[in-house]
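Asks: To start, I am sharing the structure in question, which I have written as structure tokens.
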Amino acid sequence: LGRIEKVVIFCVFCITTSGLELHFLNMMEVPCCKHILKLLENVVFFPIRYSLKIQPVEKMHLAVVACGERLEETMTMLKSAIIFSMKPLQFHIFAEDQLHQSFKDRLDSWSFLQTFNYTLYPITFPSENAAEWKKLFKPCASQRLFLPLILKEVDSLLYVDTDILFLRPVDDIWSLLKKFNSTQIAAMAPEHEEPRIGWYNRFARHPYYGKTGVNSGVMLMNMTRMRRKYFKNDMTTVRLQWGDILMPLLKKYKLNITWGDQDLLNIMFFHNPESLFVFPCHWNYRPDHCIYGSNCQEAEEEGIFILHGNRGVYHDDKQPAFRAVYEALRNCSFEDDNIRSLLKPLELELQKTVHTYYRYARSPKEK
């Protein structure tokens with residue numbers, strides 16, 4: 001089978017195959033499962049929207065920062081990006097030196113796909129403050145703040161955390177760049193939809209964007225504009241460029257921030273709200289969107305486009321639907337054309353999500 005056929009097969013594996021119906025009735029009562037299944041109902045049709053006869057030349061640039069035990073998570077994220085993408089991808093992978101060979105070996109084994117290229121970079125911070133930046137929030141997390149300064153030849157970039165899974169073509173979120181108005185330089189999703197359970201509006205000791213702040217786990221950037229812009233700030237009457245504002249922000253707020261670089265981005269866009277494009281929550285769907293009931297309306301209507309398994313939910317039993325999707329993608333092989341190798345593990349795992357940490361759904365015996 002060709003790549004397009006494999007993509008179509010992967011998209012339908014949660015719906016039906018070879019006359020085998022999946023019985024997900026009880027799962028539809030669980031918010032996360034319901035929205036994942038809704039997405040898969042819709043995404044089955046996505047290849048129709050693209051021309052399969054013309055090989056696109058524009059590359060989509062995707063960046064990720066991996067430190068510590070994040071190799072497997074990162075590889076699974078990259079795999080999901082490849083599976084669901086139409087245009088070629090350029091990966092920019094920032095990783096600790098000891099991870100470079102493992103990334104190279106794994107990615108080179110996929111070279112037969114001819115749908116992506118990659119570059120590995122060391123973790124680097126400004127030399128005079130490197131130690132302070134590296135320990136901010138989590139090891140290496142603040143590396144993303146310096147991407148516009150390091151990738152000087154890259155015009156636009158999609159940054160994602162390692163715990164991201166694409167359930168929609170990367171092409172779709174990439175197309176949001178064309179929706180930016182003349183003042184917008186970046187796009188993120190709200191941190192919360194429901195203010196009553198919001199973190200920033202209840203606990204933050206610093207300025208933040210909008211009513212509930214924004215989450216930086218998925219961040220789409222026009223980096224040419226970011227490098228050119230002069231930012232308003234509360235430290236001086238002089239507007240500062242990206243490379244000049246980061247350290248003063250950290251010095252002023254380092255005792256008041258909890259989420260590191262994400263907090264600094266919130267402060268920056270609080271003072272420059274006209275520069276941010278806000279995309280809906282189904283582009284950055286996290287456990288918070290279903291842990292206290294469903295509170296992402298777009299996921300209700302259209303399904304989940306990007307799954308963000310923060311809180312370590314891919315590796316524990318608190319969010320079985322998140323873990324099931326992660327493990328299905330992690331275990332699938334580009335060389336394997338057997339759809340059942342994808343279908344059966346996901347089906348079995350989703351069937352276990354009857355009683356969950358975040359919502360109870362009745363089992364068939366209880367109905």
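As shown in the structure tokens, the chain order sets the letters A, B, ...; within each chain, residues go from 1, and ligands are also counted from 1 in the order they appear.
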Among the residues of region 71-290 of chain A, find those DSSP assigns to alpha helix (DSSP H) from the backbone and print them as a PDB file with N, CA and C atoms, in the first residue's frame.

Replies:
```
ATOM      1  N   LEU A  71      12.395  10.581  25.250  1.00  0.00           N
ATOM      2  CA  LEU A  71      12.655  10.076  23.904  1.00  0.00           C
ATOM      3  C   LEU A  71      11.438   9.379  23.309  1.00  0.00           C
ATOM      4  N   GLU A  72      10.870   8.427  24.037  1.00  0.00           N
ATOM      5  CA  GLU A  72       9.760   7.635  23.495  1.00  0.00           C
ATOM      6  C   GLU A  72       8.538   8.501  23.227  1.00  0.00           C
ATOM      7  N   GLU A  73       8.235   9.393  24.150  1.00  0.00           N
ATOM      8  CA  GLU A  73       7.110  10.309  23.959  1.00  0.00           C
ATOM      9  C   GLU A  73       7.308  11.159  22.706  1.00  0.00           C
ATOM     10  N   THR A  74       8.519  11.666  22.544  1.00  0.00           N
ATOM     11  CA  THR A  74       8.802  12.519  21.392  1.00  0.00           C
ATOM     12  C   THR A  74       8.680  11.744  20.096  1.00  0.00           C
ATOM     13  N   MET A  75       9.182  10.532  20.056  1.00  0.00           N
ATOM     14  CA  MET A  75       9.094   9.725  18.840  1.00  0.00           C
ATOM     15  C   MET A  75       7.642   9.406  18.496  1.00  0.00           C
ATOM     16  N   THR A  76       6.824   9.186  19.502  1.00  0.00           N
ATOM     17  CA  THR A  76       5.410   8.914  19.247  1.00  0.00           C
ATOM     18  C   THR A  76       4.712  10.156  18.701  1.00  0.00           C
ATOM     19  N   MET A  77       5.058  11.315  19.238  1.00  0.00           N
ATOM     20  CA  MET A  77       4.513  12.568  18.707  1.00  0.00           C
ATOM     21  C   MET A  77       4.911  12.754  17.248  1.00  0.00           C
ATOM     22  N   LEU A  78       6.194  12.536  16.933  1.00  0.00           N
ATOM     23  CA  LEU A  78       6.657  12.699  15.557  1.00  0.00           C
ATOM     24  C   LEU A  78       5.970  11.704  14.625  1.00  0.00           C
ATOM     25  N   LYS A  79       5.760  10.504  15.106  1.00  0.00           N
ATOM     26  CA  LYS A  79       5.060   9.494  14.304  1.00  0.00           C
ATOM     27  C   LYS A  79       3.644   9.952  13.978  1.00  0.00           C
ATOM     28  N   SER A  80       2.950  10.502  14.966  1.00  0.00           N
ATOM     29  CA  SER A  80       1.579  10.977  14.719  1.00  0.00           C
ATOM     30  C   SER A  80       1.575  12.117  13.709  1.00  0.00           C
ATOM     31  N   ALA A  81       2.592  12.976  13.756  1.00  0.00           N
ATOM     32  CA  ALA A  81       2.686  14.074  12.796  1.00  0.00           C
ATOM     33  C   ALA A  81       2.872  13.541  11.387  1.00  0.00           C
ATOM     34  N   ILE A  82       3.705  12.530  11.230  1.00  0.00           N
ATOM     35  CA  ILE A  82       3.956  11.949   9.912  1.00  0.00           C
ATOM     36  C   ILE A  82       2.703  11.272   9.370  1.00  0.00           C
ATOM     37  N   ILE A  83       2.041  10.500  10.225  1.00  0.00           N
ATOM     38  CA  ILE A  83       0.856   9.753   9.788  1.00  0.00           C
ATOM     39  C   ILE A  83      -0.228  10.682   9.272  1.00  0.00           C
ATOM     40  N   HIS A 100      20.897  12.289  21.342  1.00  0.00           N
ATOM     41  CA  HIS A 100      21.030  12.531  19.905  1.00  0.00           C
ATOM     42  C   HIS A 100      21.168  11.241  19.087  1.00  0.00           C
ATOM     43  N   GLN A 101      22.000  10.332  19.519  1.00  0.00           N
ATOM     44  CA  GLN A 101      22.204   9.116  18.737  1.00  0.00           C
ATOM     45  C   GLN A 101      20.938   8.273  18.666  1.00  0.00           C
ATOM     46  N   SER A 102      20.200   8.217  19.763  1.00  0.00           N
ATOM     47  CA  SER A 102      18.942   7.457  19.765  1.00  0.00           C
ATOM     48  C   SER A 102      17.933   8.076  18.805  1.00  0.00           C
ATOM     49  N   PHE A 103      17.830   9.403  18.815  1.00  0.00           N
ATOM     50  CA  PHE A 103      16.937  10.066  17.860  1.00  0.00           C
ATOM     51  C   PHE A 103      17.379   9.766  16.430  1.00  0.00           C
ATOM     52  N   LYS A 104      18.665   9.861  16.167  1.00  0.00           N
ATOM     53  CA  LYS A 104      19.171   9.638  14.817  1.00  0.00           C
ATOM     54  C   LYS A 104      18.867   8.221  14.348  1.00  0.00           C
ATOM     55  N   ASP A 105      19.120   7.249  15.190  1.00  0.00           N
ATOM     56  CA  ASP A 105      18.880   5.851  14.809  1.00  0.00           C
ATOM     57  C   ASP A 105      17.408   5.611  14.507  1.00  0.00           C
ATOM     58  N   ARG A 106      16.537   6.129  15.352  1.00  0.00           N
ATOM     59  CA  ARG A 106      15.102   5.894  15.165  1.00  0.00           C
ATOM     60  C   ARG A 106      14.573   6.613  13.930  1.00  0.00           C
ATOM     61  N   LEU A 107      14.959   7.865  13.760  1.00  0.00           N
ATOM     62  CA  LEU A 107      14.461   8.643  12.630  1.00  0.00           C
ATOM     63  C   LEU A 107      15.022   8.137  11.302  1.00  0.00           C
ATOM     64  N   ASP A 108      16.266   7.724  11.304  1.00  0.00           N
ATOM     65  CA  ASP A 108      16.855   7.185  10.077  1.00  0.00           C
ATOM     66  C   ASP A 108      16.150   5.903   9.642  1.00  0.00           C
ATOM     67  N   ALA A 130      22.725  30.830  31.415  1.00  0.00           N
ATOM     68  CA  ALA A 130      22.332  29.486  30.996  1.00  0.00           C
ATOM     69  C   ALA A 130      21.773  28.656  32.150  1.00  0.00           C
ATOM     70  N   ALA A 131      22.420  28.672  33.288  1.00  0.00           N
ATOM     71  CA  ALA A 131      21.980  27.846  34.420  1.00  0.00           C
ATOM     72  C   ALA A 131      20.591  28.242  34.892  1.00  0.00           C
ATOM     73  N   GLU A 132      20.329  29.528  34.920  1.00  0.00           N
ATOM     74  CA  GLU A 132      19.032  30.009  35.384  1.00  0.00           C
ATOM     75  C   GLU A 132      17.909  29.607  34.435  1.00  0.00           C
ATOM     76  N   TRP A 133      18.176  29.710  33.130  1.00  0.00           N
ATOM     77  CA  TRP A 133      17.159  29.331  32.157  1.00  0.00           C
ATOM     78  C   TRP A 133      16.910  27.827  32.163  1.00  0.00           C
ATOM     79  N   LYS A 134      17.956  27.048  32.300  1.00  0.00           N
ATOM     80  CA  LYS A 134      17.796  25.597  32.206  1.00  0.00           C
ATOM     81  C   LYS A 134      16.972  25.025  33.345  1.00  0.00           C
ATOM     82  N   LEU A 147      13.739  29.894  20.370  1.00  0.00           N
ATOM     83  CA  LEU A 147      13.664  29.363  19.007  1.00  0.00           C
ATOM     84  C   LEU A 147      13.713  30.453  17.936  1.00  0.00           C
ATOM     85  N   PRO A 148      13.022  31.590  18.119  1.00  0.00           N
ATOM     86  CA  PRO A 148      13.122  32.633  17.082  1.00  0.00           C
ATOM     87  C   PRO A 148      14.539  33.158  16.899  1.00  0.00           C
ATOM     88  N   LEU A 149      15.345  33.073  17.946  1.00  0.00           N
ATOM     89  CA  LEU A 149      16.714  33.586  17.884  1.00  0.00           C
ATOM     90  C   LEU A 149      17.693  32.548  17.349  1.00  0.00           C
ATOM     91  N   ILE A 150      17.381  31.273  17.547  1.00  0.00           N
ATOM     92  CA  ILE A 150      18.267  30.198  17.084  1.00  0.00           C
ATOM     93  C   ILE A 150      17.965  29.839  15.629  1.00  0.00           C
ATOM     94  N   VAL A 170      -1.249  17.936  10.323  1.00  0.00           N
ATOM     95  CA  VAL A 170      -0.506  19.120  10.742  1.00  0.00           C
ATOM     96  C   VAL A 170      -0.812  20.278   9.792  1.00  0.00           C
ATOM     97  N   ASP A 171      -1.124  19.930   8.535  1.00  0.00           N
ATOM     98  CA  ASP A 171      -1.474  20.945   7.538  1.00  0.00           C
ATOM     99  C   ASP A 171      -2.600  21.861   8.029  1.00  0.00           C
ATOM    100  N   ASP A 172      -3.523  21.311   8.808  1.00  0.00           N
ATOM    101  CA  ASP A 172      -4.686  22.095   9.237  1.00  0.00           C
ATOM    102  C   ASP A 172      -4.304  23.195  10.221  1.00  0.00           C
ATOM    103  N   ILE A 173      -3.494  22.862  11.212  1.00  0.00           N
ATOM    104  CA  ILE A 173      -3.091  23.921  12.147  1.00  0.00           C
ATOM    105  C   ILE A 173      -2.098  24.866  11.470  1.00  0.00           C
ATOM    106  N   TRP A 174      -1.285  24.344  10.565  1.00  0.00           N
ATOM    107  CA  TRP A 174      -0.349  25.187   9.817  1.00  0.00           C
ATOM    108  C   TRP A 174      -1.115  26.233   9.007  1.00  0.00           C
ATOM    109  N   TYR A 200      -4.917  30.408  36.327  1.00  0.00           N
ATOM    110  CA  TYR A 200      -4.377  31.770  36.315  1.00  0.00           C
ATOM    111  C   TYR A 200      -5.305  32.760  37.011  1.00  0.00           C
ATOM    112  N   ASN A 201      -6.587  32.695  36.716  1.00  0.00           N
ATOM    113  CA  ASN A 201      -7.510  33.679  37.286  1.00  0.00           C
ATOM    114  C   ASN A 201      -7.734  33.480  38.783  1.00  0.00           C
ATOM    115  N   ARG A 202      -7.331  32.316  39.317  1.00  0.00           N
ATOM    116  CA  ARG A 202      -7.491  32.073  40.755  1.00  0.00           C
ATOM    117  C   ARG A 202      -6.186  32.194  41.542  1.00  0.00           C
ATOM    118  N   PHE A 203      -5.062  31.865  40.895  1.00  0.00           N
ATOM    119  CA  PHE A 203      -3.828  31.749  41.681  1.00  0.00           C
ATOM    120  C   PHE A 203      -2.644  32.579  41.186  1.00  0.00           C
ATOM    121  N   MET A 223       7.767  33.554  13.074  1.00  0.00           N
ATOM    122  CA  MET A 223       8.978  33.994  13.765  1.00  0.00           C
ATOM    123  C   MET A 223       9.629  35.204  13.094  1.00  0.00           C
ATOM    124  N   THR A 224       9.347  35.413  11.837  1.00  0.00           N
ATOM    125  CA  THR A 224       9.840  36.634  11.190  1.00  0.00           C
ATOM    126  C   THR A 224       9.235  37.854  11.868  1.00  0.00           C
ATOM    127  N   ARG A 225       7.939  37.797  12.122  1.00  0.00           N
ATOM    128  CA  ARG A 225       7.277  38.905  12.815  1.00  0.00           C
ATOM    129  C   ARG A 225       7.743  39.018  14.259  1.00  0.00           C
ATOM    130  N   MET A 226       7.975  37.877  14.903  1.00  0.00           N
ATOM    131  CA  MET A 226       8.418  37.902  16.301  1.00  0.00           C
ATOM    132  C   MET A 226       9.774  38.585  16.426  1.00  0.00           C
ATOM    133  N   ARG A 227      10.653  38.310  15.480  1.00  0.00           N
ATOM    134  CA  ARG A 227      11.988  38.918  15.530  1.00  0.00           C
ATOM    135  C   ARG A 227      11.949  40.421  15.258  1.00  0.00           C
ATOM    136  N   ARG A 228      10.956  40.860  14.487  1.00  0.00           N
ATOM    137  CA  ARG A 228      10.875  42.266  14.106  1.00  0.00           C
ATOM    138  C   ARG A 228      10.132  43.123  15.132  1.00  0.00           C
ATOM    139  N   TRP A 242      12.284  40.776  20.957  1.00  0.00           N
ATOM    140  CA  TRP A 242      12.192  39.459  21.584  1.00  0.00           C
ATOM    141  C   TRP A 242      13.468  39.095  22.338  1.00  0.00           C
ATOM    142  N   GLY A 243      14.596  39.254  21.700  1.00  0.00           N
ATOM    143  CA  GLY A 243      15.847  38.868  22.335  1.00  0.00           C
ATOM    144  C   GLY A 243      16.247  39.732  23.511  1.00  0.00           C
ATOM    145  N   ASP A 244      15.650  40.902  23.628  1.00  0.00           N
ATOM    146  CA  ASP A 244      16.010  41.838  24.706  1.00  0.00           C
ATOM    147  C   ASP A 244      15.054  41.802  25.885  1.00  0.00           C
ATOM    148  N   ILE A 245      13.882  41.217  25.686  1.00  0.00           N
ATOM    149  CA  ILE A 245      12.851  41.297  26.729  1.00  0.00           C
ATOM    150  C   ILE A 245      12.848  40.089  27.659  1.00  0.00           C
ATOM    151  N   LEU A 246      13.411  38.957  27.205  1.00  0.00           N
ATOM    152  CA  LEU A 246      13.281  37.709  27.961  1.00  0.00           C
ATOM    153  C   LEU A 246      13.949  37.760  29.331  1.00  0.00           C
ATOM    154  N   MET A 247      15.200  38.178  29.385  1.00  0.00           N
ATOM    155  CA  MET A 247      15.911  38.189  30.665  1.00  0.00           C
ATOM    156  C   MET A 247      15.339  39.214  31.637  1.00  0.00           C
ATOM    157  N   PRO A 248      15.026  40.446  31.218  1.00  0.00           N
ATOM    158  CA  PRO A 248      14.374  41.379  32.146  1.00  0.00           C
ATOM    159  C   PRO A 248      13.061  40.847  32.701  1.00  0.00           C
ATOM    160  N   LEU A 249      12.288  40.141  31.881  1.00  0.00           N
ATOM    161  CA  LEU A 249      11.036  39.546  32.366  1.00  0.00           C
ATOM    162  C   LEU A 249      11.315  38.514  33.447  1.00  0.00           C
ATOM    163  N   LEU A 250      12.279  37.662  33.207  1.00  0.00           N
ATOM    164  CA  LEU A 250      12.599  36.628  34.185  1.00  0.00           C
ATOM    165  C   LEU A 250      13.071  37.245  35.493  1.00  0.00           C
ATOM    166  N   LYS A 251      13.935  38.243  35.412  1.00  0.00           N
ATOM    167  CA  LYS A 251      14.447  38.873  36.626  1.00  0.00           C
ATOM    168  C   LYS A 251      13.332  39.508  37.444  1.00  0.00           C
ATOM    169  N   LYS A 252      12.370  40.109  36.764  1.00  0.00           N
ATOM    170  CA  LYS A 252      11.290  40.787  37.494  1.00  0.00           C
ATOM    171  C   LYS A 252      10.310  39.803  38.117  1.00  0.00           C
ATOM    172  N   TYR A 253      10.015  38.706  37.411  1.00  0.00           N
ATOM    173  CA  TYR A 253       8.914  37.849  37.832  1.00  0.00           C
ATOM    174  C   TYR A 253       9.320  36.465  38.330  1.00  0.00           C
ATOM    175  N   ASP A 261       8.329  29.242  31.541  1.00  0.00           N
ATOM    176  CA  ASP A 261       8.271  29.966  30.276  1.00  0.00           C
ATOM    177  C   ASP A 261       6.841  30.267  29.841  1.00  0.00           C
ATOM    178  N   GLN A 262       5.899  29.396  30.168  1.00  0.00           N
ATOM    179  CA  GLN A 262       4.490  29.672  29.828  1.00  0.00           C
ATOM    180  C   GLN A 262       4.004  30.934  30.536  1.00  0.00           C
ATOM    181  N   ASP A 263       4.409  31.113  31.777  1.00  0.00           N
ATOM    182  CA  ASP A 263       4.032  32.326  32.499  1.00  0.00           C
ATOM    183  C   ASP A 263       4.639  33.563  31.856  1.00  0.00           C
ATOM    184  N   LEU A 264       5.883  33.464  31.422  1.00  0.00           N
ATOM    185  CA  LEU A 264       6.524  34.605  30.769  1.00  0.00           C
ATOM    186  C   LEU A 264       5.809  34.968  29.474  1.00  0.00           C
ATOM    187  N   LEU A 265       5.357  33.958  28.737  1.00  0.00           N
ATOM    188  CA  LEU A 265       4.587  34.223  27.516  1.00  0.00           C
ATOM    189  C   LEU A 265       3.253  34.887  27.852  1.00  0.00           C
ATOM    190  N   ASN A 266       2.616  34.444  28.920  1.00  0.00           N
ATOM    191  CA  ASN A 266       1.363  35.074  29.340  1.00  0.00           C
ATOM    192  C   ASN A 266       1.571  36.541  29.696  1.00  0.00           C
ATOM    193  N   ILE A 267       2.655  36.825  30.399  1.00  0.00           N
ATOM    194  CA  ILE A 267       2.952  38.219  30.757  1.00  0.00           C
ATOM    195  C   ILE A 267       3.171  39.048  29.494  1.00  0.00           C
ATOM    196  N   MET A 268       3.926  38.500  28.563  1.00  0.00           N
ATOM    197  CA  MET A 268       4.248  39.216  27.342  1.00  0.00           C
ATOM    198  C   MET A 268       2.988  39.536  26.538  1.00  0.00           C
ATOM    199  N   PHE A 269       2.094  38.565  26.414  1.00  0.00           N
ATOM    200  CA  PHE A 269       0.893  38.796  25.615  1.00  0.00           C
ATOM    201  C   PHE A 269      -0.195  39.540  26.401  1.00  0.00           C
ATOM    202  N   PHE A 270      -0.089  39.594  27.712  1.00  0.00           N
ATOM    203  CA  PHE A 270      -0.954  40.489  28.483  1.00  0.00           C
ATOM    204  C   PHE A 270      -0.711  41.930  28.053  1.00  0.00           C
ATOM    205  N   HIS A 271       0.545  42.288  27.871  1.00  0.00           N
ATOM    206  CA  HIS A 271       0.900  43.649  27.481  1.00  0.00           C
ATOM    207  C   HIS A 271       0.770  43.879  25.974  1.00  0.00           C
TER     208      HIS A 271
END
```

Asks: So which one's closest to Ile93 (chain A), A:Gly213, A:Pro287, A:Gly68, A:Pro122? Using only C-alpha atoms, please.

Replies: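 Answer, going by the shortest atom-to-atom distance: A:Pro122.
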
Asks: Taking only C-alpha atoms into account, name the residue in A:Gly210, A:Pro126, A:Gly260, A:Gly309 that is nearest to Phe166 (chain A).

Replies: A:Gly309

Asks: List every residue of region 123-232 of chain A that DSSP, applied to the backbone of this structure, places in strand (DSSP E or B), and write the result as number ranges by chain.

Replies: A: 156-160, 164-166, 186-190, 214-222, 230-231

Asks: Quick one: everything within 7 Å of Tyr118 (chain A), counting only C-alpha atoms, minus sequence neighbours fewer than 5 positions away in the same chain. Send it as a list in words.

Replies: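 The neighbour list is Gln90, Phe91 and His92 of chain A.
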
Asks: Would you export the selected residues with N, CA, C and O atoms as a compact mmCIF listing (two decimals), in the first residue's frame, please?

Replies:
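The resulting file, out_5.txt, is reproduced below:
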```txt
# COMPACT_ATOMS: atom_id res chain seq x y z
N GLN A 90 9.56 19.33 8.24
CA GLN A 90 10.93 19.55 8.69
C GLN A 90 10.93 19.59 10.20
O GLN A 90 10.34 20.48 10.81
N PHE A 91 11.54 18.59 10.82
CA PHE A 91 11.59 18.52 12.28
C PHE A 91 12.83 19.24 12.79
O PHE A 91 13.94 19.02 12.29
N HIS A 92 12.63 20.06 13.82
CA HIS A 92 13.74 20.70 14.53
C HIS A 92 13.70 20.15 15.95
O HIS A 92 12.82 20.50 16.74
```

Asks: Env of Pro88 (chain A): 9 Å cut, atoms = only C-alpha atoms, seq-sep filter 2 positions within chain, self excluded. Answer as a count of residues only.

Replies: 14
